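This is input21.txt. It holds compact mmCIF, C-alpha atoms.
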```
# COMPACT_ATOMS: atom_id res chain seq x y z
CA MET A 1 0.01 8.44 -2.31
CA SER A 2 -3.31 7.15 -3.66
CA SER A 3 -3.59 5.23 -6.92
CA ASP A 4 -5.50 8.19 -8.41
CA GLN A 5 -2.32 10.24 -8.26
CA PHE A 6 -0.22 7.63 -10.05
CA LYS A 7 0.88 9.05 -13.40
CA VAL A 8 2.44 7.29 -16.39
CA LEU A 9 4.26 8.75 -19.39
CA LEU A 10 4.46 6.85 -22.69
CA CYS A 11 7.34 7.86 -24.92
CA ASP A 12 7.41 6.18 -28.33
CA ASP A 13 7.46 7.63 -31.84
CA SER A 14 4.81 5.11 -32.94
CA MET A 15 1.26 6.33 -32.37
CA LEU A 16 0.15 2.70 -32.60
CA VAL A 17 2.41 1.70 -29.72
CA ARG A 18 1.25 4.67 -27.62
CA LYS A 19 -2.39 3.81 -28.29
CA GLN A 20 -1.92 0.13 -27.43
CA LEU A 21 0.07 0.89 -24.27
CA ARG A 22 -2.48 3.52 -23.19
CA GLU A 23 -5.28 0.97 -23.49
CA ILE A 24 -3.42 -1.58 -21.37
CA ILE A 25 -2.42 0.97 -18.76
CA THR A 26 -5.83 2.60 -18.40
CA ASP A 27 -7.43 -0.86 -18.20
CA ALA A 28 -5.01 -1.51 -15.35
CA GLY A 29 -6.55 1.42 -13.50
CA VAL A 30 -4.12 4.24 -14.23
CA LYS A 31 -6.10 7.45 -14.66
CA THR A 32 -3.41 9.87 -15.81
CA VAL A 33 -1.40 8.96 -18.89
CA PHE A 34 0.80 11.38 -20.84
CA GLU A 35 2.23 10.79 -24.30
CA ALA A 36 5.43 11.95 -26.00
CA SER A 37 6.75 11.00 -29.44
CA ASN A 38 10.43 11.62 -28.65
CA GLY A 39 12.80 12.20 -25.75
CA GLN A 40 12.71 15.97 -25.98
CA GLU A 41 8.93 16.07 -25.58
CA ALA A 42 9.19 13.55 -22.76
CA LEU A 43 11.67 15.68 -20.77
CA LEU A 44 9.30 18.66 -20.93
CA ILE A 45 6.41 16.54 -19.66
CA ILE A 46 8.55 15.05 -16.88
CA LYS A 47 9.57 18.51 -15.67
CA GLU A 48 6.04 19.88 -15.82
CA HIS A 49 3.85 16.97 -14.70
CA LYS A 50 6.26 14.76 -12.75
CA PRO A 51 4.92 11.35 -13.86
CA ASP A 52 5.89 8.41 -11.66
CA VAL A 53 6.69 5.94 -14.42
CA MET A 54 7.77 6.20 -18.04
CA PHE A 55 7.71 3.54 -20.74
CA LEU A 56 10.55 4.65 -23.01
CA ASP A 57 11.32 3.49 -26.56
CA ILE A 58 14.92 3.62 -27.80
CA ILE A 59 14.79 4.19 -31.57
CA MET A 60 13.15 7.60 -31.96
CA PRO A 61 13.83 10.75 -33.97
CA VAL A 62 14.95 14.04 -32.36
CA MET A 63 16.14 12.45 -29.11
CA ASN A 64 16.42 8.69 -28.69
CA GLY A 65 15.68 6.69 -25.55
CA ILE A 66 19.27 6.26 -24.39
CA GLU A 67 19.96 10.01 -24.72
CA THR A 68 16.73 10.69 -22.84
CA LEU A 69 17.74 8.33 -20.05
CA LYS A 70 21.10 10.10 -19.75
CA GLU A 71 19.37 13.50 -19.54
CA ILE A 72 17.04 12.20 -16.82
CA ARG A 73 20.03 11.01 -14.81
CA LYS A 74 22.04 14.17 -15.46
CA ASN A 75 19.17 16.37 -14.30
CA ASN A 76 18.42 14.07 -11.37
CA LEU A 77 14.78 13.73 -12.39
CA LYS A 78 12.77 11.36 -10.23
CA ILE A 79 10.98 8.87 -12.45
CA THR A 80 10.98 5.09 -12.85
CA VAL A 81 11.94 4.30 -16.44
CA ILE A 82 11.05 1.07 -18.19
CA MET A 83 12.68 0.69 -21.56
CA ILE A 84 10.37 -0.84 -24.14
CA SER A 85 12.11 -1.39 -27.42
CA SER A 86 12.50 -3.78 -30.32
CA SER A 87 16.23 -3.26 -30.11
CA GLY A 88 17.18 -5.32 -27.06
CA THR A 89 20.78 -5.75 -28.11
CA GLN A 90 23.47 -6.44 -25.52
CA THR A 91 24.75 -2.88 -25.90
CA HIS A 92 21.32 -1.32 -25.38
CA LEU A 93 20.49 -3.58 -22.45
CA LYS A 94 23.81 -2.85 -20.74
CA THR A 95 23.65 0.90 -21.35
CA ALA A 96 20.01 1.20 -20.29
CA LEU A 97 20.56 -0.61 -17.02
CA GLU A 98 23.79 1.32 -16.33
CA GLU A 99 21.94 4.57 -16.92
CA GLY A 100 19.35 3.63 -14.33
CA ALA A 101 16.50 1.99 -16.25
CA TYR A 102 14.30 -0.09 -13.95
CA ASP A 103 13.65 -2.83 -16.50
CA PHE A 104 13.76 -3.62 -20.22
CA ILE A 105 10.86 -5.04 -22.21
CA GLN A 106 11.62 -6.37 -25.68
CA LYS A 107 9.03 -5.71 -28.39
CA PRO A 108 6.73 -7.33 -29.32
CA TRP A 109 5.48 -7.31 -25.75
CA LYS A 110 2.74 -9.28 -24.09
CA GLU A 111 0.07 -7.40 -22.16
CA THR A 112 0.92 -9.29 -18.99
CA GLN A 113 4.52 -8.03 -19.15
CA ILE A 114 3.23 -4.46 -18.96
CA THR A 115 0.65 -5.06 -16.23
CA THR A 116 3.01 -7.20 -14.12
CA ILE A 117 5.74 -4.60 -14.11
CA LEU A 118 3.24 -1.82 -13.44
CA ASP A 119 1.78 -3.75 -10.49
CA ARG A 120 5.27 -4.33 -9.12
CA ILE A 121 6.17 -0.65 -9.29
CA ARG A 122 2.87 0.40 -7.75
CA HIS A 123 3.33 -2.12 -4.96
CA GLU A 124 6.91 -1.01 -4.28
CA GLY A 125 5.92 2.65 -4.37
CA GLY A 126 2.88 2.20 -2.17
CA PHE A 127 0.42 3.43 -4.80
CA MET B 1 4.72 -24.24 -45.97
CA PHE B 2 5.29 -26.72 -48.80
CA SER B 3 1.57 -26.34 -49.51
CA GLN B 4 2.01 -22.64 -50.29
CA TYR B 5 4.98 -23.21 -52.56
CA PHE B 6 3.70 -26.26 -54.41
CA GLY B 7 0.08 -25.02 -54.45
CA ASN B 8 1.10 -21.74 -56.02
CA TYR B 9 3.14 -23.56 -58.62
CA LEU B 10 0.16 -25.72 -59.58
CA LEU B 11 -1.96 -22.58 -59.88
CA ASN B 12 0.55 -20.75 -62.07
CA LYS B 13 0.88 -23.75 -64.35
CA ASN B 14 -2.92 -23.98 -64.64
CA ILE B 15 -2.79 -27.47 -63.18
CA VAL B 16 -5.41 -26.48 -60.62
CA THR B 17 -7.85 -23.57 -60.46
CA THR B 18 -7.92 -20.96 -57.70
CA GLU B 19 -11.08 -22.54 -56.33
CA GLN B 20 -9.53 -26.01 -56.32
CA LEU B 21 -6.42 -24.71 -54.57
CA LYS B 22 -8.50 -22.97 -51.88
CA ASP B 23 -10.48 -26.16 -51.52
CA VAL B 24 -7.44 -28.37 -50.96
CA LEU B 25 -5.75 -25.86 -48.67
CA ASN B 26 -8.87 -25.91 -46.50
CA LEU B 27 -9.18 -29.68 -46.70
CA GLN B 28 -5.56 -30.56 -46.06
CA LYS B 29 -5.71 -29.97 -42.31
CA SER B 30 -8.11 -32.88 -41.89
CA VAL B 31 -6.54 -35.14 -44.47
CA HIS B 32 -4.86 -38.41 -43.53
CA VAL B 33 -1.83 -38.82 -45.76
CA LYS B 34 -1.74 -42.28 -47.30
CA LEU B 35 1.43 -44.21 -47.84
CA GLY B 36 1.10 -44.24 -51.64
CA VAL B 37 1.13 -40.45 -51.87
CA LEU B 38 4.01 -40.31 -49.43
CA ALA B 39 6.00 -42.80 -51.50
CA LEU B 40 5.44 -40.63 -54.59
CA ASN B 41 6.52 -37.50 -52.74
CA PHE B 42 9.66 -39.17 -51.52
CA GLY B 43 10.39 -40.45 -55.02
CA TYR B 44 10.58 -44.03 -53.74
CA MET B 45 7.85 -45.27 -56.08
CA ASN B 46 6.30 -44.12 -59.33
CA SER B 47 2.57 -43.74 -59.91
CA GLU B 48 2.28 -47.08 -61.77
CA GLN B 49 3.83 -48.94 -58.86
CA VAL B 50 1.49 -47.19 -56.40
CA GLN B 51 -1.51 -48.09 -58.53
CA GLU B 52 -0.38 -51.68 -58.74
CA VAL B 53 -0.13 -51.90 -54.95
CA HIS B 54 -3.63 -50.39 -54.73
CA GLN B 55 -4.88 -53.10 -57.10
CA GLN B 56 -3.21 -55.80 -55.01
CA GLN B 57 -4.84 -54.37 -51.87
CA LYS B 58 -8.23 -55.08 -53.43
CA LYS B 59 -7.26 -58.72 -53.74
CA GLN B 60 -5.48 -59.37 -50.47
CA ASP B 61 -5.97 -58.18 -46.91
CA LYS B 62 -2.59 -56.57 -46.52
CA ARG B 63 -1.36 -53.10 -45.82
CA PHE B 64 0.14 -50.88 -48.53
CA GLY B 65 3.61 -51.08 -47.02
CA GLU B 66 3.63 -54.85 -46.77
CA ILE B 67 2.68 -55.32 -50.41
CA ALA B 68 5.11 -52.65 -51.64
CA VAL B 69 7.96 -54.39 -49.80
CA GLU B 70 6.89 -57.80 -51.11
CA LEU B 71 6.88 -56.46 -54.66
CA GLY B 72 10.30 -54.97 -54.13
CA TYR B 73 9.13 -51.39 -54.62
CA LEU B 74 10.16 -50.35 -51.11
CA ASN B 75 12.81 -51.63 -48.76
CA GLU B 76 12.26 -51.85 -45.00
CA GLN B 77 14.19 -48.67 -44.31
CA GLN B 78 12.16 -46.69 -46.84
CA LEU B 79 8.95 -48.03 -45.34
CA LEU B 80 10.05 -46.93 -41.87
CA THR B 81 10.86 -43.46 -43.23
CA LEU B 82 7.42 -43.21 -44.83
CA LEU B 83 5.63 -44.38 -41.71
CA SER B 84 7.47 -41.89 -39.52
CA SER B 85 6.63 -39.09 -41.97
CA GLN B 86 2.98 -40.01 -42.20
CA LYS B 87 2.04 -37.85 -39.26
CA GLN B 88 3.80 -34.74 -40.54
CA GLY B 89 1.59 -32.15 -42.16
CA HIS B 90 3.67 -31.05 -45.09
CA LEU B 91 2.45 -33.58 -47.60
CA GLN B 92 -1.22 -33.15 -46.98
CA ILE B 93 -1.75 -30.94 -50.03
CA SER B 94 -0.77 -33.89 -52.24
CA GLN B 95 -3.21 -36.18 -50.49
CA ALA B 96 -5.98 -33.58 -50.61
CA LEU B 97 -5.44 -33.15 -54.37
CA ILE B 98 -5.83 -36.91 -54.85
CA ASP B 99 -8.80 -37.22 -52.50
CA LYS B 100 -10.66 -34.44 -54.29
CA LYS B 101 -9.77 -36.07 -57.64
CA TYR B 102 -8.24 -32.82 -58.90
CA LEU B 103 -5.14 -34.82 -59.85
CA THR B 104 -4.50 -38.47 -60.57
CA LEU B 105 -1.49 -40.18 -59.04
CA SER B 106 0.28 -39.93 -62.34
CA GLU B 107 -0.48 -36.22 -62.70
CA LEU B 108 0.73 -35.61 -59.16
CA GLU B 109 3.96 -37.44 -59.88
CA ASN B 110 4.53 -35.35 -63.01
CA ALA B 111 3.68 -32.11 -61.21
CA LEU B 112 6.11 -32.85 -58.38
CA GLU B 113 8.83 -33.68 -60.86
CA SER B 114 8.29 -30.58 -62.98
CA TYR B 115 8.11 -28.41 -59.84
CA LYS B 116 11.51 -29.72 -58.78
CA GLU B 117 12.95 -29.12 -62.25
CA ASP B 118 11.41 -25.69 -62.82
CA CYS B 119 12.59 -24.47 -59.43
CA GLN B 120 15.97 -26.13 -59.95
CA LEU B 121 15.69 -27.76 -56.57
CA THR B 122 17.89 -30.63 -55.56
CA ASN B 123 16.29 -33.57 -53.78
CA GLU B 124 17.79 -32.26 -50.57
CA GLN B 125 16.36 -28.77 -51.06
CA LEU B 126 12.95 -30.19 -51.91
CA GLU B 127 13.10 -32.20 -48.71
CA LEU B 128 14.02 -29.09 -46.69
CA LEU B 129 11.11 -27.27 -48.26
CA LYS B 130 8.77 -30.08 -47.28
CA GLN B 131 10.11 -29.89 -43.75
CA GLY B 132 9.42 -26.15 -43.67
CA ASN B 133 13.04 -25.21 -42.99
CA ILE B 134 12.92 -21.49 -43.85
CA ASP B 135 16.62 -20.85 -43.22
CA GLU B 136 17.50 -23.41 -45.88
CA ILE B 137 14.71 -22.46 -48.27
CA VAL B 138 15.86 -18.87 -48.79
CA PRO B 139 19.27 -19.73 -50.34
CA ALA B 140 17.51 -22.24 -52.59
CA PHE B 141 15.18 -19.58 -53.99
CA LEU B 142 17.29 -16.41 -53.97
CA ASN B 143 20.69 -15.80 -55.47
CA PHE B 144 22.37 -12.86 -53.83
CA ASP B 145 25.37 -12.20 -56.02
CA ASP B 146 27.34 -10.09 -53.56
CA PRO B 147 29.63 -12.70 -51.95
CA THR B 148 30.36 -10.57 -48.90
CA ARG B 149 26.68 -10.25 -48.07
CA ILE B 150 25.12 -13.56 -49.09
CA ASN B 151 24.87 -14.89 -45.55
CA ILE B 152 23.52 -11.75 -43.94
CA TYR B 153 20.94 -11.19 -46.69
CA ASN B 154 19.83 -14.82 -46.53
CA ASP B 155 19.52 -14.60 -42.74
CA TYR B 156 17.67 -11.30 -42.95
CA THR B 157 15.19 -12.58 -45.55
CA ALA B 158 14.59 -15.83 -43.68
CA LEU B 159 13.88 -13.90 -40.48
CA LEU B 160 11.46 -11.62 -42.32
CA LEU B 161 9.56 -14.64 -43.66
CA LYS B 162 9.38 -16.05 -40.13
CA ASN B 163 8.21 -12.74 -38.71
CA ILE B 164 5.54 -12.43 -41.41
CA VAL B 165 4.25 -15.79 -40.19
CA ARG B 166 4.67 -14.93 -36.51
CA LEU B 167 3.55 -11.31 -36.37
CA LEU B 168 1.19 -11.03 -39.35
CA ASP B 169 -0.28 -14.53 -39.36
CA GLU B 170 0.36 -14.79 -43.09
CA SER B 171 1.81 -17.67 -45.13
CA PRO B 172 4.55 -16.05 -47.22
CA PHE B 173 6.47 -17.79 -49.94
CA LEU B 174 9.19 -17.02 -52.47
CA LYS B 175 9.24 -17.94 -56.13
CA LYS B 176 12.17 -19.07 -58.18
CA GLU B 177 12.26 -16.12 -60.53
CA THR B 178 14.44 -13.35 -61.88
CA LEU B 179 14.23 -10.51 -59.40
CA PRO B 180 12.66 -7.33 -60.80
CA ASN B 181 14.94 -4.51 -61.91
CA LYS B 182 12.56 -1.82 -60.75
CA TYR B 183 9.45 -1.34 -58.70
CA SER B 184 7.05 1.56 -58.35
CA ALA B 185 5.93 1.46 -54.75
CA GLU B 186 2.61 2.96 -53.74
CA PHE B 187 3.85 2.73 -50.17
CA LEU B 188 7.28 2.08 -48.72
CA VAL B 189 8.63 2.08 -45.18
CA CYS B 190 12.39 1.89 -44.70
CA GLN B 191 14.86 1.66 -41.87
CA GLU B 192 18.61 1.91 -41.91
CA VAL B 193 20.76 -0.52 -39.94
CA GLN B 194 24.33 0.54 -39.22
CA GLY B 195 27.45 -1.04 -37.78
CA LYS B 196 29.66 -3.84 -39.03
CA TYR B 197 27.09 -4.23 -41.79
CA ASN B 198 25.24 -1.26 -43.23
CA LEU B 199 21.84 -2.39 -44.43
CA PHE B 200 19.10 -0.30 -45.88
CA THR B 201 15.89 -2.24 -45.40
CA SER B 202 12.49 -1.47 -46.89
CA ILE B 203 9.09 -3.08 -47.08
CA ALA B 204 6.89 -1.92 -49.93
CA ALA B 205 3.52 -2.86 -51.39
CA ASP B 206 0.37 -1.44 -52.88
CA GLN B 207 -1.98 0.37 -50.52
CA LYS B 208 -4.48 -2.46 -50.30
CA THR B 209 -1.85 -4.94 -49.17
CA ILE B 210 -0.35 -2.47 -46.71
CA ILE B 211 -3.77 -1.85 -45.13
CA LYS B 212 -4.33 -5.59 -44.84
CA LEU B 213 -0.94 -6.27 -43.24
CA ALA B 214 -1.16 -3.25 -40.94
CA SER B 215 -4.56 -4.49 -39.74
CA LYS B 216 -3.11 -7.89 -38.96
CA PHE B 217 -0.14 -6.48 -37.07
CA ALA B 218 -2.24 -4.09 -34.98
CA ASN B 219 -5.07 -6.59 -34.60
CA GLU B 220 -7.44 -3.86 -35.72
CA GLN B 221 -9.49 -3.40 -38.86
CA PHE B 222 -8.01 -0.52 -40.83
CA THR B 223 -9.86 0.57 -43.97
CA GLU B 224 -7.66 3.35 -45.30
CA LEU B 225 -4.03 4.35 -45.39
CA ASP B 226 -4.27 6.79 -42.49
CA GLU B 227 -1.65 7.69 -39.90
CA MET B 228 -2.48 4.72 -37.65
CA THR B 229 -2.18 2.29 -40.59
CA LYS B 230 1.19 3.78 -41.50
CA ALA B 231 2.28 3.60 -37.86
CA SER B 232 1.34 -0.06 -37.73
CA ILE B 233 3.27 -1.24 -40.78
CA SER B 234 6.15 0.98 -39.77
CA GLU B 235 6.21 -0.61 -36.31
CA PHE B 236 6.18 -4.05 -37.91
CA LEU B 237 9.42 -3.23 -39.75
CA ASN B 238 10.85 -1.79 -36.54
CA VAL B 239 10.02 -4.89 -34.50
CA HIS B 240 11.35 -7.17 -37.24
CA ASN B 241 14.60 -5.23 -37.50
CA GLY B 242 14.86 -5.20 -33.71
CA ILE B 243 14.70 -8.98 -33.63
CA PHE B 244 17.33 -9.09 -36.37
CA LEU B 245 19.60 -6.83 -34.29
CA VAL B 246 19.10 -9.02 -31.22
CA ASN B 247 19.98 -12.13 -33.26
CA MET B 248 23.14 -10.40 -34.51
CA SER B 249 23.94 -9.18 -31.02
CA ASN B 250 23.74 -12.77 -29.80
CA GLN B 251 26.48 -13.50 -32.34
CA ASN B 252 28.47 -10.60 -30.84
CA ILE B 253 27.76 -8.32 -33.80
CA GLU B 254 26.39 -5.06 -32.46
CA LEU B 255 24.31 -3.05 -34.93
CA GLN B 256 22.27 0.12 -34.51
CA MET B 257 19.16 1.22 -36.31
CA GLN B 258 17.65 4.54 -37.24
CA PRO B 259 14.00 5.58 -37.02
CA GLN B 260 11.84 4.42 -39.91
CA GLU B 261 10.91 6.67 -42.81
CA ILE B 262 7.81 6.45 -44.96
CA TYR B 263 7.51 7.19 -48.67
CA GLN B 264 4.58 7.05 -51.07
CA ASN B 265 4.64 6.66 -54.85
CA ILE B 266 8.36 6.15 -55.13
CA ASN B 267 10.37 4.37 -57.83
CA ILE B 268 13.07 1.91 -56.88
CA GLU B 269 15.65 0.73 -59.38
CA LYS B 270 17.93 -2.23 -58.94
CA SER B 271 21.51 -1.12 -58.87
CA ASN B 272 24.65 -2.80 -57.62
CA GLY B 273 23.96 -4.12 -54.16
CA THR B 274 20.20 -3.50 -54.25
CA TYR B 275 17.78 -6.42 -54.29
CA ILE B 276 14.03 -6.12 -54.89
CA ILE B 277 12.51 -9.34 -53.59
CA PRO B 278 8.83 -10.15 -54.09
CA ILE B 279 7.34 -12.08 -51.18
CA TYR B 280 4.04 -13.69 -52.09
CA LEU B 281 1.15 -13.80 -49.67
CA THR B 282 -2.15 -15.62 -49.92
CA GLU B 283 -3.54 -12.48 -51.53
CA GLY B 284 -1.16 -9.86 -52.85
CA LYS B 285 2.54 -9.50 -52.43
CA VAL B 286 4.94 -7.42 -50.45
CA TYR B 287 8.44 -6.42 -51.55
CA LEU B 288 11.54 -6.61 -49.44
CA ILE B 289 14.10 -4.14 -50.72
CA ILE B 290 17.49 -4.69 -49.22
CA SER B 291 20.63 -2.77 -50.04
CA ASP B 292 23.93 -1.59 -48.64
CA LYS B 293 22.90 2.04 -49.17
CA LYS B 294 19.77 4.07 -49.70
CA PRO B 295 18.56 3.00 -53.17
CA PHE B 296 16.38 6.05 -53.90
```
Using structure tokens, write down the structure that the file contains.
Amino acid sequence: MSSDQFKVLLCDDSMLVRKQLREIITDAGVKTVFEASNGQEALLIIKEHKPDVMFLDIIMPVMNGIETLKEIRKNNLKITVIMISSSGTQTHLKTALEEGAYDFIQKPWKETQITTILDRIRHEGGF
Amino acid sequence: MFSQYFGNYLLNKNIVTTEQLKDVLNLQKSVHVKLGVLALNFGYMNSEQVQEVHQQQKKQDKRFGEIAVELGYLNEQQLLTLLSSQKQGHLQISQALIDKKYLTLSELENALESYKEDCQLTNEQLELLKQGNIDEIVPAFLNFDDPTRINIYNDYTALLLKNIVRLLDESPFLKKETLPNKYSAEFLVCQEVQGKYNLFTSIAADQKTIIKLASKFANEQFTELDEMTKASISEFLNVHNGIFLVNMSNQNIELQMQPQEIYQNINIEKSNGTYIIPIYLTEGKVYLIISDKKPF
């Protein structure tokens, strides 16, 4: 798969976070970026557009990140999920990793954390 | 940090003007703190003794410390303490005030003494303040009267002060004052924390201050209270509370938090278990409202 086909979904209820992540990710060469403000919106986008990677917040209205992760697993949806949350408690870390999250980034993040993890996933996936 | 606290006190007491305070705060970074000012700050010597040593220095080629010890104003241990403190930055406001001739040694001595008295600080607390120990400063300035929550509220407030420094690049400080009974917030963002402790946390301020803080957090220049500005200040509270939850989790106390909510033009009244805490910034102030339940 070429890098042009690599698609990323940002799921966070903060429009500031989505904007900042979008800037980092597009600067890193990703051409297709989707946005969702809660888990329910994210699941619709995953089913319709099949993004390769999702950055997923935990504390969100309507459907939170942990519930979203469980739905992804339950429905066997193929997507690499990176949790990105301020709430990196032991419970959240443990649950997220048990539910199949690829990694966990604690807010406030550094730009290099995002680009490093993105590079690693692209490398592993052959993008 | 001591500079913010002591500088603000001098301003409120009309001991210095706003311009003079700005001047010394700018100057203090390059100031070399002299032993005489240090000795005053530590309470080892009074201003007359310092002046006498200065006079003696004009007559004999000796260092301040040597003369002070010879005259019996300092002992060797006190001199060592002063010398080891000389390189620390927290006393530079005092030296800058002297260098700029905004205060005499005697006026500085009186101001330090009245600051300690007015703020009801013990020598130990004053020392902690000079060292910038935020965790210890909060209990010295705030009196949470709910015995079951004193520790958690102190910890929460101290962390917020640290995060205001860390994430907003501001220099916050508290005042020793009676907390307000009510506050009409132009803007308020709140977030509920649940678990072993239920905390209802809010940050409130006028629009101008919110725009300024949101700009600093996002590292962008916002000019109005639009959706992005609201998202920024809201995310600040979220990140701060997240760090608080992680700290608690590291103590094996697992808490959860809810999404933030935003309110505009809302009145808060102090009731049992609700604290409205003004946090002063270089320009403006922000209010931390902390409670065991939603206070509005």
Closest to Lys107 in chain A among B:Leu27, B:Val246, B:Leu97, B:Leu108, using all atoms listed in the file?
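Closest to Lys107 in chain A, using all atoms listed in the file: B:Val246.
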Write out as a PyMOL selection string each polymer residue whose atoms come within 9 Å of range 28-45 of chain A, counting only C-alpha atoms; drop sequence neighbours fewer than 6 positions from it.
chain A and resi 3-15+18+22+51+54+56-57+60-69+71-72+115+118-119
At a cut-off of 10 Å, list the chain B residues touching chain A, using all atoms listed in the file, as a PyMOL selection string.
chain B and resi 167+218+227-250+252-260
d(CA of Glu177 in chain B, CA of Ile289 in chain B) in Å:
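Going from CA of Glu177 in chain B over to CA of Ile289 in chain B, I get 15.6 Å.
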Show me, as a PyMOL selection string, the residues that have an atom within 8 Å of Ile276 in chain B when counting only C-alpha atoms, minus same-chain residues fewer than 6 positions from it.
chain B and resi 179-183+270+287-290
Just-selected residues, C-alpha atoms written as a compact mmCIF listing (two decimals), in the coordinates of the input:
```
# COMPACT_ATOMS: atom_id res chain seq x y z
CA LEU B 179 14.23 -10.51 -59.40
CA PRO B 180 12.66 -7.33 -60.80
CA ASN B 181 14.94 -4.51 -61.91
CA LYS B 182 12.56 -1.82 -60.75
CA TYR B 183 9.45 -1.34 -58.70
CA LYS B 270 17.93 -2.23 -58.94
CA TYR B 287 8.44 -6.42 -51.55
CA LEU B 288 11.54 -6.61 -49.44
CA ILE B 289 14.10 -4.14 -50.72
CA ILE B 290 17.49 -4.69 -49.22
```
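Across the structure, CA of Asn272 in chain B and CA of Gly195 in chain B are spaced 20.1 Å apart.
Between CA of Gln251 in chain B and CA of Ile152 in chain B lies a distance of 12.1 Å.
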Nearest to Ile203 in chain B, chosen from B:Leu225, B:Val50, B:Ile262, B:Ile150, with only C-alpha atoms counted in the distances:
B:Ile262
Identify, on the basis of all atoms listed in the file, every residue whose closest approach to Thr116 in chain A does not exceed 12 Å; exclude the query and any residue fewer than 3 positions from it along the same chain; express the result as a JSON list (two decimals) with C-alpha atoms, in the frame of the given file.
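So the final result, stored in around-v4.json, reads:
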```json
[["chain", "number", "residue", "atom", "x", "y", "z"],
["A", 24, "ILE", "CA", -3.42, -1.58, -21.37],
["A", 25, "ILE", "CA", -2.42, 0.97, -18.76],
["A", 28, "ALA", "CA", -5.01, -1.51, -15.35],
["A", 103, "ASP", "CA", 13.65, -2.83, -16.50],
["A", 105, "ILE", "CA", 10.86, -5.04, -22.21],
["A", 109, "TRP", "CA", 5.48, -7.31, -25.75],
["A", 110, "LYS", "CA", 2.74, -9.28, -24.09],
["A", 111, "GLU", "CA", 0.07, -7.40, -22.16],
["A", 112, "THR", "CA", 0.92, -9.29, -18.99],
["A", 113, "GLN", "CA", 4.52, -8.03, -19.15],
["A", 119, "ASP", "CA", 1.78, -3.75, -10.49],
["A", 120, "ARG", "CA", 5.27, -4.33, -9.12],
["A", 121, "ILE", "CA", 6.17, -0.65, -9.29],
["A", 122, "ARG", "CA", 2.87, 0.40, -7.75],
["A", 123, "HIS", "CA", 3.33, -2.12, -4.96]]
```
Taking 5 positions as the minimum chain separation for residues in the same chain, which residues sit within 12 Å of range 111-114 of chain B when counting all atoms listed in the file? Answer as JSON, numbers by chain.
{"B": [2, 3, 5, 6, 7, 8, 9, 10, 11, 12, 13, 14, 15, 16, 37, 38, 40, 41, 42, 43, 46, 47, 91, 93, 94, 97, 103, 104, 105, 106, 119, 120, 121, 122, 123, 126, 127, 130]}
Just checking: using all atoms listed in the file, which residue out of B:Ala140, B:Val31, B:Val189, B:Ile134 ends up closest to Ala158 in chain B?
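Residue with the minimum atom-to-atom distance to Ala158 in chain B: B:Ile134.
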